[in-house]
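Content type PDB, C-alpha atoms, from the file work27.pdb:
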```
ATOM      1  CA  MET A   1     125.464 -27.321 -74.334
ATOM      2  CA  SER A   2     122.568 -26.778 -71.972
ATOM      3  CA  LEU A   3     121.390 -23.387 -70.771
ATOM      4  CA  TYR A   4     122.757 -23.897 -67.269
ATOM      5  CA  ASP A   5     126.168 -25.006 -68.556
ATOM      6  CA  SER A   6     126.301 -21.737 -70.528
ATOM      7  CA  LEU A   7     125.447 -19.432 -67.623
ATOM      8  CA  LYS A   8     127.665 -17.843 -65.011
ATOM      9  CA  PHE A   9     125.947 -16.938 -61.767
ATOM     10  CA  ASN A  10     127.885 -14.452 -59.614
ATOM     11  CA  ALA A  11     129.462 -15.112 -56.204
ATOM     12  CA  ASP A  12     126.007 -14.752 -54.608
ATOM     13  CA  GLY A  13     124.534 -17.284 -57.041
ATOM     14  CA  LEU A  14     122.693 -14.558 -58.987
ATOM     15  CA  ILE A  15     122.428 -13.390 -62.586
ATOM     16  CA  PRO A  16     120.848 -10.133 -63.807
ATOM     17  CA  ALA A  17     117.785 -10.510 -66.040
ATOM     18  CA  ILE A  18     116.776  -7.706 -68.397
ATOM     19  CA  ILE A  19     113.039  -7.846 -69.053
ATOM     20  CA  GLN A  20     111.846  -6.532 -72.417
ATOM     21  CA  GLU A  21     108.275  -6.226 -73.700
ATOM     22  CA  GLN A  22     108.312  -8.323 -76.851
ATOM     23  CA  ALA A  23     105.554  -6.440 -78.677
ATOM     24  CA  THR A  24     107.079  -2.965 -78.289
ATOM     25  CA  GLY A  25     110.785  -3.539 -77.569
ATOM     26  CA  ARG A  26     110.442  -1.404 -74.422
ATOM     27  CA  VAL A  27     112.914  -2.441 -71.734
ATOM     28  CA  LEU A  28     110.731  -2.765 -68.650
ATOM     29  CA  MET A  29     113.052  -3.598 -65.774
ATOM     30  CA  MET A  30     116.164  -5.368 -64.618
ATOM     31  CA  ALA A  31     116.053  -7.786 -61.699
ATOM     32  CA  TRP A  32     118.110 -10.658 -60.329
ATOM     33  CA  MET A  33     117.505 -14.378 -60.633
ATOM     34  CA  ASN A  34     119.095 -17.333 -58.927
ATOM     35  CA  ARG A  35     119.065 -20.749 -60.551
ATOM     36  CA  ALA A  36     115.831 -21.767 -58.794
ATOM     37  CA  SER A  37     113.992 -18.632 -59.935
ATOM     38  CA  LEU A  38     115.169 -19.131 -63.514
ATOM     39  CA  GLU A  39     114.041 -22.760 -63.442
ATOM     40  CA  LYS A  40     110.663 -21.658 -62.063
ATOM     41  CA  THR A  41     110.426 -18.943 -64.758
ATOM     42  CA  ILE A  42     110.998 -21.495 -67.525
ATOM     43  CA  GLU A  43     108.779 -24.151 -65.927
ATOM     44  CA  THR A  44     105.775 -21.864 -65.291
ATOM     45  CA  GLY A  45     106.179 -19.346 -68.126
ATOM     46  CA  LYS A  46     105.890 -16.487 -65.610
ATOM     47  CA  THR A  47     108.918 -14.465 -64.437
ATOM     48  CA  HIS A  48     110.245 -15.231 -60.954
ATOM     49  CA  PHE A  49     113.074 -13.327 -59.290
ATOM     50  CA  TRP A  50     115.271 -13.294 -56.226
ATOM     51  CA  SER A  51     114.971 -10.184 -54.077
ATOM     52  CA  ARG A  52     118.413  -9.246 -52.788
ATOM     53  CA  SER A  53     116.985  -6.773 -50.257
ATOM     54  CA  ARG A  54     114.324  -9.128 -48.898
ATOM     55  CA  GLN A  55     116.309 -12.364 -49.501
ATOM     56  CA  LYS A  56     113.121 -13.797 -50.916
ATOM     57  CA  PHE A  57     111.912 -15.606 -54.014
ATOM     58  CA  TRP A  58     109.004 -13.831 -55.732
ATOM     59  CA  MET A  59     106.794 -14.067 -58.799
ATOM     60  CA  LYS A  60     106.455 -10.768 -60.625
ATOM     61  CA  GLY A  61     102.837  -9.638 -60.203
ATOM     62  CA  GLU A  62     102.001 -11.960 -57.316
ATOM     63  CA  THR A  63     100.593  -8.981 -55.352
ATOM     64  CA  SER A  64      99.742  -6.518 -58.123
ATOM     65  CA  GLY A  65      98.442  -8.940 -60.753
ATOM     66  CA  HIS A  66     100.932  -7.372 -63.166
ATOM     67  CA  THR A  67     102.442 -10.645 -64.287
ATOM     68  CA  GLN A  68     104.888 -11.243 -67.116
ATOM     69  CA  THR A  69     104.361 -14.140 -69.525
ATOM     70  CA  VAL A  70     107.661 -15.381 -70.906
ATOM     71  CA  LYS A  71     108.062 -15.396 -74.691
ATOM     72  CA  ASP A  72     111.819 -15.930 -75.036
ATOM     73  CA  VAL A  73     114.873 -16.466 -72.825
ATOM     74  CA  ALA A  74     118.192 -15.275 -74.289
ATOM     75  CA  PHE A  75     121.612 -14.862 -72.691
ATOM     76  CA  ASP A  76     124.729 -12.959 -73.640
ATOM     77  CA  CYS A  77     128.122 -14.002 -75.006
ATOM     78  CA  ASP A  78     129.684 -14.103 -71.534
ATOM     79  CA  GLY A  79     126.727 -16.051 -70.116
ATOM     80  CA  ASP A  80     126.425 -13.579 -67.269
ATOM     81  CA  THR A  81     123.254 -11.682 -68.233
ATOM     82  CA  LEU A  82     119.782 -12.842 -69.305
ATOM     83  CA  LEU A  83     117.428 -11.058 -71.717
ATOM     84  CA  ILE A  84     113.840 -12.227 -71.324
ATOM     85  CA  GLN A  85     111.075 -11.217 -73.725
ATOM     86  CA  VAL A  86     107.656 -11.012 -72.079
ATOM     87  CA  GLU A  87     104.058 -10.031 -72.477
ATOM     88  CA  GLN A  88     103.455  -7.567 -69.644
ATOM     89  CA  ILE A  89     100.075  -7.145 -67.921
ATOM     90  CA  GLY A  90      99.692  -3.535 -66.686
ATOM     91  CA  ALA A  91     102.627  -1.626 -65.243
ATOM     92  CA  ALA A  92     105.995  -3.337 -64.748
ATOM     93  CA  CYS A  93     107.168  -0.674 -62.303
ATOM     94  CA  HIS A  94     106.058  -0.640 -58.678
ATOM     95  CA  GLU A  95     105.747   3.133 -59.030
ATOM     96  CA  GLY A  96     102.946   2.645 -61.579
ATOM     97  CA  TYR A  97     104.842   3.249 -64.799
ATOM     98  CA  LYS A  98     104.884   0.826 -67.712
ATOM     99  CA  SER A  99     108.686   0.668 -67.476
ATOM    100  CA  CYS A 100     110.984   1.176 -64.498
ATOM    101  CA  PHE A 101     113.120   3.326 -66.832
ATOM    102  CA  PHE A 102     110.711   6.270 -66.819
ATOM    103  CA  ARG A 103     113.357   8.935 -66.192
ATOM    104  CA  SER A 104     116.058  10.196 -68.529
ATOM    105  CA  VAL A 105     118.700  12.888 -68.452
ATOM    106  CA  ARG A 106     117.757  15.659 -70.871
ATOM    107  CA  GLY A 107     119.926  18.755 -71.143
ATOM    108  CA  GLY A 108     121.626  17.937 -67.857
ATOM    109  CA  GLU A 109     118.304  17.563 -65.994
ATOM    110  CA  VAL A 110     116.325  14.509 -64.944
ATOM    111  CA  LYS A 111     112.964  14.323 -66.749
ATOM    112  CA  THR A 112     110.058  11.880 -66.522
ATOM    113  CA  THR A 113     109.568  10.505 -70.015
ATOM    114  CA  GLU A 114     106.375   8.460 -69.793
ATOM    115  CA  PRO A 115     102.940   8.741 -68.154
ATOM    116  CA  GLN A 116     102.208   7.117 -64.800
ATOM    117  CA  LEU A 117      99.552   4.479 -65.522
ATOM    118  CA  LYS A 118      98.512   3.977 -61.901
ATOM    119  CA  ALA A 119      99.293   5.429 -58.490
ATOM    120  CA  PRO A 120     101.333   2.921 -56.458
ATOM    121  CA  GLY A 121      98.540   2.856 -53.832
ATOM    122  CA  ASP A 122      96.122   1.626 -56.496
ATOM    123  CA  ILE A 123      98.464  -1.223 -57.404
ATOM    124  CA  TYR A 124      99.151  -2.644 -53.972
ATOM    125  CA  GLY A 125      96.129  -1.417 -51.983
ATOM    126  CA  ARG A 126      96.096   1.303 -49.361
ATOM    127  CA  SER A 127      95.331  -0.762 -46.271
TER     128      SER A 127
ATOM    129  CA  MET B 128     117.594  16.199 -58.287
ATOM    130  CA  SER B 129     120.663  15.576 -60.394
ATOM    131  CA  LEU B 130     121.451  12.320 -62.158
ATOM    132  CA  TYR B 131     124.225  11.387 -59.732
ATOM    133  CA  ASP B 132     122.023  12.076 -56.687
ATOM    134  CA  SER B 133     119.481   9.638 -58.181
ATOM    135  CA  LEU B 134     121.926   6.788 -58.821
ATOM    136  CA  LYS B 135     123.111   4.025 -56.529
ATOM    137  CA  PHE B 136     126.483   2.540 -57.407
ATOM    138  CA  ASN B 137     127.157  -0.855 -55.819
ATOM    139  CA  ALA B 138     129.775  -1.669 -53.179
ATOM    140  CA  ASP B 139     132.434  -1.752 -55.916
ATOM    141  CA  GLY B 140     131.333   1.680 -57.189
ATOM    142  CA  LEU B 141     129.672   0.172 -60.280
ATOM    143  CA  ILE B 142     126.261   0.282 -61.945
ATOM    144  CA  PRO B 143     125.040  -2.000 -64.756
ATOM    145  CA  ALA B 144     124.231  -0.279 -68.056
ATOM    146  CA  ILE B 145     121.879  -1.907 -70.548
ATOM    147  CA  ILE B 146     122.709  -0.754 -74.076
ATOM    148  CA  GLN B 147     119.822  -0.658 -76.546
ATOM    149  CA  GLU B 148     119.916   0.245 -80.237
ATOM    150  CA  GLN B 149     117.518   3.157 -80.472
ATOM    151  CA  ALA B 150     116.464   2.609 -84.092
ATOM    152  CA  THR B 151     115.490  -1.065 -83.692
ATOM    153  CA  GLY B 152     114.889  -1.580 -79.967
ATOM    154  CA  ARG B 153     117.412  -4.451 -80.015
ATOM    155  CA  VAL B 154     119.147  -4.894 -76.663
ATOM    156  CA  LEU B 155     122.817  -5.073 -77.634
ATOM    157  CA  MET B 156     124.731  -5.713 -74.415
ATOM    158  CA  MET B 157     124.999  -5.110 -70.713
ATOM    159  CA  ALA B 158     128.205  -3.779 -69.180
ATOM    160  CA  TRP B 159     129.328  -1.990 -66.033
ATOM    161  CA  MET B 160     130.087   1.669 -65.502
ATOM    162  CA  ASN B 161     131.678   3.522 -62.636
ATOM    163  CA  ARG B 162     130.963   7.200 -62.082
ATOM    164  CA  ALA B 163     133.969   8.292 -64.159
ATOM    165  CA  SER B 164     132.939   6.140 -67.137
ATOM    166  CA  LEU B 165     129.370   7.471 -66.970
ATOM    167  CA  GLU B 166     130.641  11.053 -66.840
ATOM    168  CA  LYS B 167     132.906  10.333 -69.816
ATOM    169  CA  THR B 168     129.971   8.725 -71.681
ATOM    170  CA  ILE B 169     127.821  11.819 -71.181
ATOM    171  CA  GLU B 170     130.660  14.266 -71.882
ATOM    172  CA  THR B 171     131.840  12.608 -75.116
ATOM    173  CA  GLY B 172     128.588  11.093 -76.382
ATOM    174  CA  LYS B 173     130.354   7.709 -76.787
ATOM    175  CA  THR B 174     129.852   4.820 -74.360
ATOM    176  CA  HIS B 175     132.661   4.146 -71.883
ATOM    177  CA  PHE B 176     132.690   1.232 -69.439
ATOM    178  CA  TRP B 177     134.655  -0.238 -66.578
ATOM    179  CA  SER B 178     136.008  -3.718 -67.169
ATOM    180  CA  ARG B 179     135.682  -5.742 -63.975
ATOM    181  CA  SER B 180     137.959  -8.499 -65.283
ATOM    182  CA  ARG B 181     140.689  -6.165 -66.558
ATOM    183  CA  GLN B 182     140.109  -3.409 -63.929
ATOM    184  CA  LYS B 183     140.338  -0.965 -66.777
ATOM    185  CA  PHE B 184     138.403   1.951 -68.215
ATOM    186  CA  TRP B 185     137.531   1.475 -71.897
ATOM    187  CA  MET B 186     135.627   3.140 -74.729
ATOM    188  CA  LYS B 187     133.399   0.736 -76.619
ATOM    189  CA  GLY B 188     134.866   0.359 -80.094
ATOM    190  CA  GLU B 189     138.307   1.773 -79.282
ATOM    191  CA  THR B 190     139.943  -1.274 -80.903
ATOM    192  CA  SER B 191     137.224  -2.501 -83.263
ATOM    193  CA  GLY B 192     135.852   0.855 -84.445
ATOM    194  CA  HIS B 193     132.409  -0.391 -83.404
ATOM    195  CA  THR B 194     131.553   2.660 -81.343
ATOM    196  CA  GLN B 195     128.215   3.553 -79.784
ATOM    197  CA  THR B 196     126.874   7.106 -80.063
ATOM    198  CA  VAL B 197     124.670   7.956 -77.104
ATOM    199  CA  LYS B 198     121.112   9.075 -77.863
ATOM    200  CA  ASP B 199     119.506   8.861 -74.396
ATOM    201  CA  VAL B 200     120.501   7.991 -70.830
ATOM    202  CA  ALA B 201     117.682   6.634 -68.631
ATOM    203  CA  PHE B 202     117.768   4.998 -65.199
ATOM    204  CA  ASP B 203     115.351   2.852 -63.269
ATOM    205  CA  CYS B 204     113.081   3.515 -60.280
ATOM    206  CA  ASP B 205     115.657   2.177 -57.824
ATOM    207  CA  GLY B 206     118.458   4.169 -59.459
ATOM    208  CA  ASP B 207     120.594   1.055 -59.660
ATOM    209  CA  THR B 208     120.480   0.303 -63.413
ATOM    210  CA  LEU B 209     121.063   2.464 -66.492
ATOM    211  CA  LEU B 210     119.369   2.091 -69.887
ATOM    212  CA  ILE B 211     121.308   3.825 -72.638
ATOM    213  CA  GLN B 212     119.956   4.246 -76.165
ATOM    214  CA  VAL B 213     122.642   4.285 -78.831
ATOM    215  CA  GLU B 214     123.416   4.299 -82.501
ATOM    216  CA  GLN B 215     125.671   1.280 -82.998
ATOM    217  CA  ILE B 216     128.383   1.075 -85.661
ATOM    218  CA  GLY B 217     128.847  -2.562 -86.771
ATOM    219  CA  ALA B 218     128.636  -5.423 -84.284
ATOM    220  CA  ALA B 219     128.220  -4.731 -80.567
ATOM    221  CA  CYS B 220     129.412  -8.213 -79.618
ATOM    222  CA  HIS B 221     133.084  -9.130 -79.576
ATOM    223  CA  GLU B 222     132.054 -12.448 -81.129
ATOM    224  CA  GLY B 223     130.906 -10.579 -84.250
ATOM    225  CA  TYR B 224     127.148 -10.550 -83.683
ATOM    226  CA  LYS B 225     125.038  -7.412 -83.759
ATOM    227  CA  SER B 226     123.875  -8.155 -80.202
ATOM    228  CA  CYS B 227     125.597 -10.066 -77.410
ATOM    229  CA  PHE B 228     122.234 -11.795 -76.842
ATOM    230  CA  PHE B 229     122.503 -13.983 -79.942
ATOM    231  CA  ARG B 230     121.516 -17.218 -78.210
ATOM    232  CA  SER B 231     118.103 -18.245 -76.857
ATOM    233  CA  VAL B 232     116.604 -21.335 -75.301
ATOM    234  CA  ARG B 233     114.169 -22.933 -77.727
ATOM    235  CA  GLY B 234     112.446 -26.190 -76.823
ATOM    236  CA  GLY B 235     114.960 -26.834 -74.060
ATOM    237  CA  GLU B 236     117.939 -26.337 -76.376
ATOM    238  CA  VAL B 237     120.299 -23.417 -76.905
ATOM    239  CA  LYS B 238     119.965 -21.941 -80.417
ATOM    240  CA  THR B 239     121.776 -19.120 -82.198
ATOM    241  CA  THR B 240     119.108 -16.644 -83.262
ATOM    242  CA  GLU B 241     120.933 -14.134 -85.429
ATOM    243  CA  PRO B 242     123.637 -14.143 -88.136
ATOM    244  CA  GLN B 243     127.280 -13.538 -87.284
ATOM    245  CA  LEU B 244     128.205 -10.292 -89.062
ATOM    246  CA  LYS B 245     131.968 -10.744 -88.786
ATOM    247  CA  ALA B 246     134.436 -13.319 -87.531
ATOM    248  CA  PRO B 247     136.086 -12.078 -84.321
ATOM    249  CA  GLY B 248     139.498 -12.225 -86.040
ATOM    250  CA  ASP B 249     138.238  -9.736 -88.631
ATOM    251  CA  ILE B 250     137.177  -7.317 -85.899
ATOM    252  CA  TYR B 251     140.321  -7.240 -83.833
ATOM    253  CA  GLY B 252     142.956  -8.285 -86.354
ATOM    254  CA  ARG B 253     144.825 -11.570 -86.467
ATOM    255  CA  SER B 254     148.325 -10.405 -85.660
TER     256      SER B 254
END
```

Serialized structure, structure tokens:
Amino acid sequence: MSLYDSLKFNADGLIPAIIQEQATGRVLMMAWMNRASLEKTIETGKTHFWSRSRQKFWMKGETSGHTQTVKDVAFDCDGDTLLIQVEQIGAACHEGYKSCFFRSVRGGEVKTTEPQLKAPGDIYGRS
Amino acid sequence: MSLYDSLKFNADGLIPAIIQEQATGRVLMMAWMNRASLEKTIETGKTHFWSRSRQKFWMKGETSGHTQTVKDVAFDCDGDTLLIQVEQIGAACHEGYKSCFFRSVRGGEVKTTEPQLKAPGDIYGRS
């Protein structure tokens, strides 16, 4: 069975992709792919997503330089979620953190759990 | 800001929750929570989900005994995805694998990448 026969895209033609840093196991982000962005991800070895808010195809890091090189593409038993292992350049999060999951609930309060590597203005430019 | 002020549930009142085994970093599964299942997860320390197909609230492991004890609840920069660290008893996957992500694409083909711990019939009973 091929990959695409095994996958179920949702009613909007999308599938969620969990992105994990292979070297550390850190879960970096979750974003949505359509079939074209998954094909492009596999073909180029760099993650590509579909932005639901902007209705636009994008390569992770195309503006920031913080690209993700694909090391493995896995999918779950239901075929409705992807798990992609990557090598991450710089910060995965647009807020300048290594991971988008930089906040946790601790003792009923929201706490920041990792250092900010860069200010967002330094990632995308201030102009 | 409280956790619930920081989160965005989708139009169906749901948010995806990535479940990661804290000790190994293995991503075990992704499932959906509504606010009530997240509250129950935090209150009891055991993961609870909302089944979209069955339209039913469920505790992971209620039939199989393969429960997940919550160690940390994180959420992403957009507040639209949860990342929950757990201690997993037995197999997270209903197909008997430790992780639901037991298949990867290797050289254009789908390969099983981890051993099956139990046959599904041995998890849920054969009667």

- [ ] Tell me, as a ChimeraX atom specification, which residues lie within 9 Å of range 145-161 of chain B, counting only C-alpha atoms; anything in the same chain fewer than 3 positions away does not count.
- [x] /A:18,20,24-27,30,76-77,81,83 /B:136,139-142,164-166,175-179,184,195,198-199,208-215,218-220,225-228

Could the residues in this selection be written to a file with C-alpha atoms, as an mmCIF file, keeping the file's coordinate frame?
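File produced: again_22.cif:
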```
data_model
loop_
_atom_site.group_PDB
_atom_site.id
_atom_site.type_symbol
_atom_site.label_atom_id
_atom_site.label_comp_id
_atom_site.auth_asym_id
_atom_site.auth_seq_id
_atom_site.Cartn_x
_atom_site.Cartn_y
_atom_site.Cartn_z
ATOM 1 C CA ILE A 18 116.776 -7.706 -68.397
ATOM 2 C CA GLN A 20 111.846 -6.532 -72.417
ATOM 3 C CA THR A 24 107.079 -2.965 -78.289
ATOM 4 C CA GLY A 25 110.785 -3.539 -77.569
ATOM 5 C CA ARG A 26 110.442 -1.404 -74.422
ATOM 6 C CA VAL A 27 112.914 -2.441 -71.734
ATOM 7 C CA MET A 30 116.164 -5.368 -64.618
ATOM 8 C CA ASP A 76 124.729 -12.959 -73.640
ATOM 9 C CA CYS A 77 128.122 -14.002 -75.006
ATOM 10 C CA THR A 81 123.254 -11.682 -68.233
ATOM 11 C CA LEU A 83 117.428 -11.058 -71.717
ATOM 12 C CA PHE B 136 126.483 2.540 -57.407
ATOM 13 C CA ASP B 139 132.434 -1.752 -55.916
ATOM 14 C CA GLY B 140 131.333 1.680 -57.189
ATOM 15 C CA LEU B 141 129.672 0.172 -60.280
ATOM 16 C CA ILE B 142 126.261 0.282 -61.945
ATOM 17 C CA SER B 164 132.939 6.140 -67.137
ATOM 18 C CA LEU B 165 129.370 7.471 -66.970
ATOM 19 C CA GLU B 166 130.641 11.053 -66.840
ATOM 20 C CA HIS B 175 132.661 4.146 -71.883
ATOM 21 C CA PHE B 176 132.690 1.232 -69.439
ATOM 22 C CA TRP B 177 134.655 -0.238 -66.578
ATOM 23 C CA SER B 178 136.008 -3.718 -67.169
ATOM 24 C CA ARG B 179 135.682 -5.742 -63.975
ATOM 25 C CA PHE B 184 138.403 1.951 -68.215
ATOM 26 C CA GLN B 195 128.215 3.553 -79.784
ATOM 27 C CA LYS B 198 121.112 9.075 -77.863
ATOM 28 C CA ASP B 199 119.506 8.861 -74.396
ATOM 29 C CA THR B 208 120.480 0.303 -63.413
ATOM 30 C CA LEU B 209 121.063 2.464 -66.492
ATOM 31 C CA LEU B 210 119.369 2.091 -69.887
ATOM 32 C CA ILE B 211 121.308 3.825 -72.638
ATOM 33 C CA GLN B 212 119.956 4.246 -76.165
ATOM 34 C CA VAL B 213 122.642 4.285 -78.831
ATOM 35 C CA GLU B 214 123.416 4.299 -82.501
ATOM 36 C CA GLN B 215 125.671 1.280 -82.998
ATOM 37 C CA ALA B 218 128.636 -5.423 -84.284
ATOM 38 C CA ALA B 219 128.220 -4.731 -80.567
ATOM 39 C CA CYS B 220 129.412 -8.213 -79.618
ATOM 40 C CA LYS B 225 125.038 -7.412 -83.759
ATOM 41 C CA SER B 226 123.875 -8.155 -80.202
ATOM 42 C CA CYS B 227 125.597 -10.066 -77.410
ATOM 43 C CA PHE B 228 122.234 -11.795 -76.842
#
```

Open item on the list: When the PyMOL selection byres ((chain B and resi 240) around 12) is applied to the structure above, which residues does it catch, written out as a PyMOL selection string?
Closed with: (chain A and resi 72-76) or (chain B and resi 224-233+236-239+241-243)

- [ ] In Å, rounded to a single decimal, give me how far CA of Ser64 in chain A is from CA of Ile123 in chain A.
- [x] 5.5 Å

Task: For CA of Lys46 in chain A and CA of Gly65 in chain A, the interatomic separation in Å (one decimal) - done: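 For CA of Lys46 in chain A relative to CA of Gly65 in chain A, the distance reads 11.7 Å.
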
Task: One-decimal distance in Å that lies between CA of Thr41 in chain A and CA of Gly90 in chain A - done: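 About the pair CA of Gly90 in chain A and CA of Thr41 in chain A: they are 18.9 Å apart.
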
Emit range 232-240 of chain B of the structure in the block as a file comprising all heavy atoms, as a PDB file, in the first residue's frame.
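Once written, part26.pdb looks like this:
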```pdb
ATOM      1  N   VAL B 232       7.502   5.993   5.870  1.00  0.00           N
ATOM      2  CA  VAL B 232       7.829   5.844   4.450  1.00  0.00           C
ATOM      3  C   VAL B 232       9.340   5.719   4.340  1.00  0.00           C
ATOM      4  O   VAL B 232      10.066   6.602   4.781  1.00  0.00           O
ATOM      5  CB  VAL B 232       7.380   7.087   3.651  1.00  0.00           C
ATOM      6  CG1 VAL B 232       7.559   6.834   2.160  1.00  0.00           C
ATOM      7  CG2 VAL B 232       5.935   7.429   3.965  1.00  0.00           C
ATOM      8  N   ARG B 233       9.785   4.619   3.772  1.00  0.00           N
ATOM      9  CA  ARG B 233      11.227   4.400   3.595  1.00  0.00           C
ATOM     10  C   ARG B 233      11.464   3.998   2.148  1.00  0.00           C
ATOM     11  O   ARG B 233      10.929   2.975   1.708  1.00  0.00           O
ATOM     12  CB  ARG B 233      11.728   3.269   4.535  1.00  0.00           C
ATOM     13  CG  ARG B 233      11.508   3.539   6.022  1.00  0.00           C
ATOM     14  CD  ARG B 233      12.616   4.376   6.630  1.00  0.00           C
ATOM     15  NE  ARG B 233      12.239   4.961   7.924  1.00  0.00           N
ATOM     16  CZ  ARG B 233      12.381   4.379   9.117  1.00  0.00           C
ATOM     17  NH1 ARG B 233      12.892   3.166   9.201  1.00  0.00           N
ATOM     18  NH2 ARG B 233      12.037   5.015  10.222  1.00  0.00           N
ATOM     19  N   GLY B 234      12.218   4.827   1.433  1.00  0.00           N
ATOM     20  CA  GLY B 234      12.506   4.531   0.025  1.00  0.00           C
ATOM     21  C   GLY B 234      11.247   4.401  -0.806  1.00  0.00           C
ATOM     22  O   GLY B 234      11.138   3.521  -1.667  1.00  0.00           O
ATOM     23  N   GLY B 235      10.258   5.250  -0.494  1.00  0.00           N
ATOM     24  CA  GLY B 235       9.019   5.261  -1.271  1.00  0.00           C
ATOM     25  C   GLY B 235       8.019   4.195  -0.857  1.00  0.00           C
ATOM     26  O   GLY B 235       6.920   4.123  -1.386  1.00  0.00           O
ATOM     27  N   GLU B 236       8.412   3.339   0.110  1.00  0.00           N
ATOM     28  CA  GLU B 236       7.499   2.286   0.553  1.00  0.00           C
ATOM     29  C   GLU B 236       7.124   2.445   2.026  1.00  0.00           C
ATOM     30  O   GLU B 236       7.907   2.994   2.803  1.00  0.00           O
ATOM     31  CB  GLU B 236       8.170   0.918   0.395  1.00  0.00           C
ATOM     32  CG  GLU B 236       8.667   0.654  -1.013  1.00  0.00           C
ATOM     33  CD  GLU B 236       8.377  -0.755  -1.461  1.00  0.00           C
ATOM     34  OE1 GLU B 236       8.288  -1.639  -0.599  1.00  0.00           O
ATOM     35  OE2 GLU B 236       8.232  -0.944  -2.682  1.00  0.00           O
ATOM     36  N   VAL B 237       5.959   1.957   2.382  1.00  0.00           N
ATOM     37  CA  VAL B 237       5.504   2.013   3.766  1.00  0.00           C
ATOM     38  C   VAL B 237       6.082   0.819   4.536  1.00  0.00           C
ATOM     39  O   VAL B 237       5.909  -0.328   4.119  1.00  0.00           O
ATOM     40  CB  VAL B 237       3.959   1.992   3.825  1.00  0.00           C
ATOM     41  CG1 VAL B 237       3.468   1.854   5.252  1.00  0.00           C
ATOM     42  CG2 VAL B 237       3.388   3.249   3.168  1.00  0.00           C
ATOM     43  N   LYS B 238       6.783   1.105   5.635  1.00  0.00           N
ATOM     44  CA  LYS B 238       7.393   0.042   6.445  1.00  0.00           C
ATOM     45  C   LYS B 238       6.934   0.157   7.895  1.00  0.00           C
ATOM     46  O   LYS B 238       6.774   1.264   8.413  1.00  0.00           O
ATOM     47  CB  LYS B 238       8.925   0.190   6.453  1.00  0.00           C
ATOM     48  CG  LYS B 238       9.576   0.202   5.084  1.00  0.00           C
ATOM     49  CD  LYS B 238       9.722  -1.186   4.516  1.00  0.00           C
ATOM     50  CE  LYS B 238      10.507  -1.148   3.196  1.00  0.00           C
ATOM     51  NZ  LYS B 238      10.353  -2.401   2.440  1.00  0.00           N
ATOM     52  N   THR B 239       6.770  -0.983   8.541  1.00  0.00           N
ATOM     53  CA  THR B 239       6.487  -0.999   9.981  1.00  0.00           C
ATOM     54  C   THR B 239       7.825  -0.859  10.703  1.00  0.00           C
ATOM     55  O   THR B 239       8.776  -1.574  10.384  1.00  0.00           O
ATOM     56  CB  THR B 239       5.791  -2.315  10.371  1.00  0.00           C
ATOM     57  OG1 THR B 239       4.536  -2.360   9.687  1.00  0.00           O
ATOM     58  CG2 THR B 239       5.533  -2.401  11.866  1.00  0.00           C
ATOM     59  N   THR B 240       7.879   0.078  11.648  1.00  0.00           N
ATOM     60  CA  THR B 240       9.175   0.440  12.237  1.00  0.00           C
ATOM     61  C   THR B 240       9.331   0.039  13.695  1.00  0.00           C
ATOM     62  O   THR B 240      10.348   0.318  14.306  1.00  0.00           O
ATOM     63  CB  THR B 240       9.388   1.967  12.131  1.00  0.00           C
ATOM     64  OG1 THR B 240       8.288   2.611  12.794  1.00  0.00           O
ATOM     65  CG2 THR B 240       9.442   2.424  10.695  1.00  0.00           C
TER      66      THR B 240
END
```
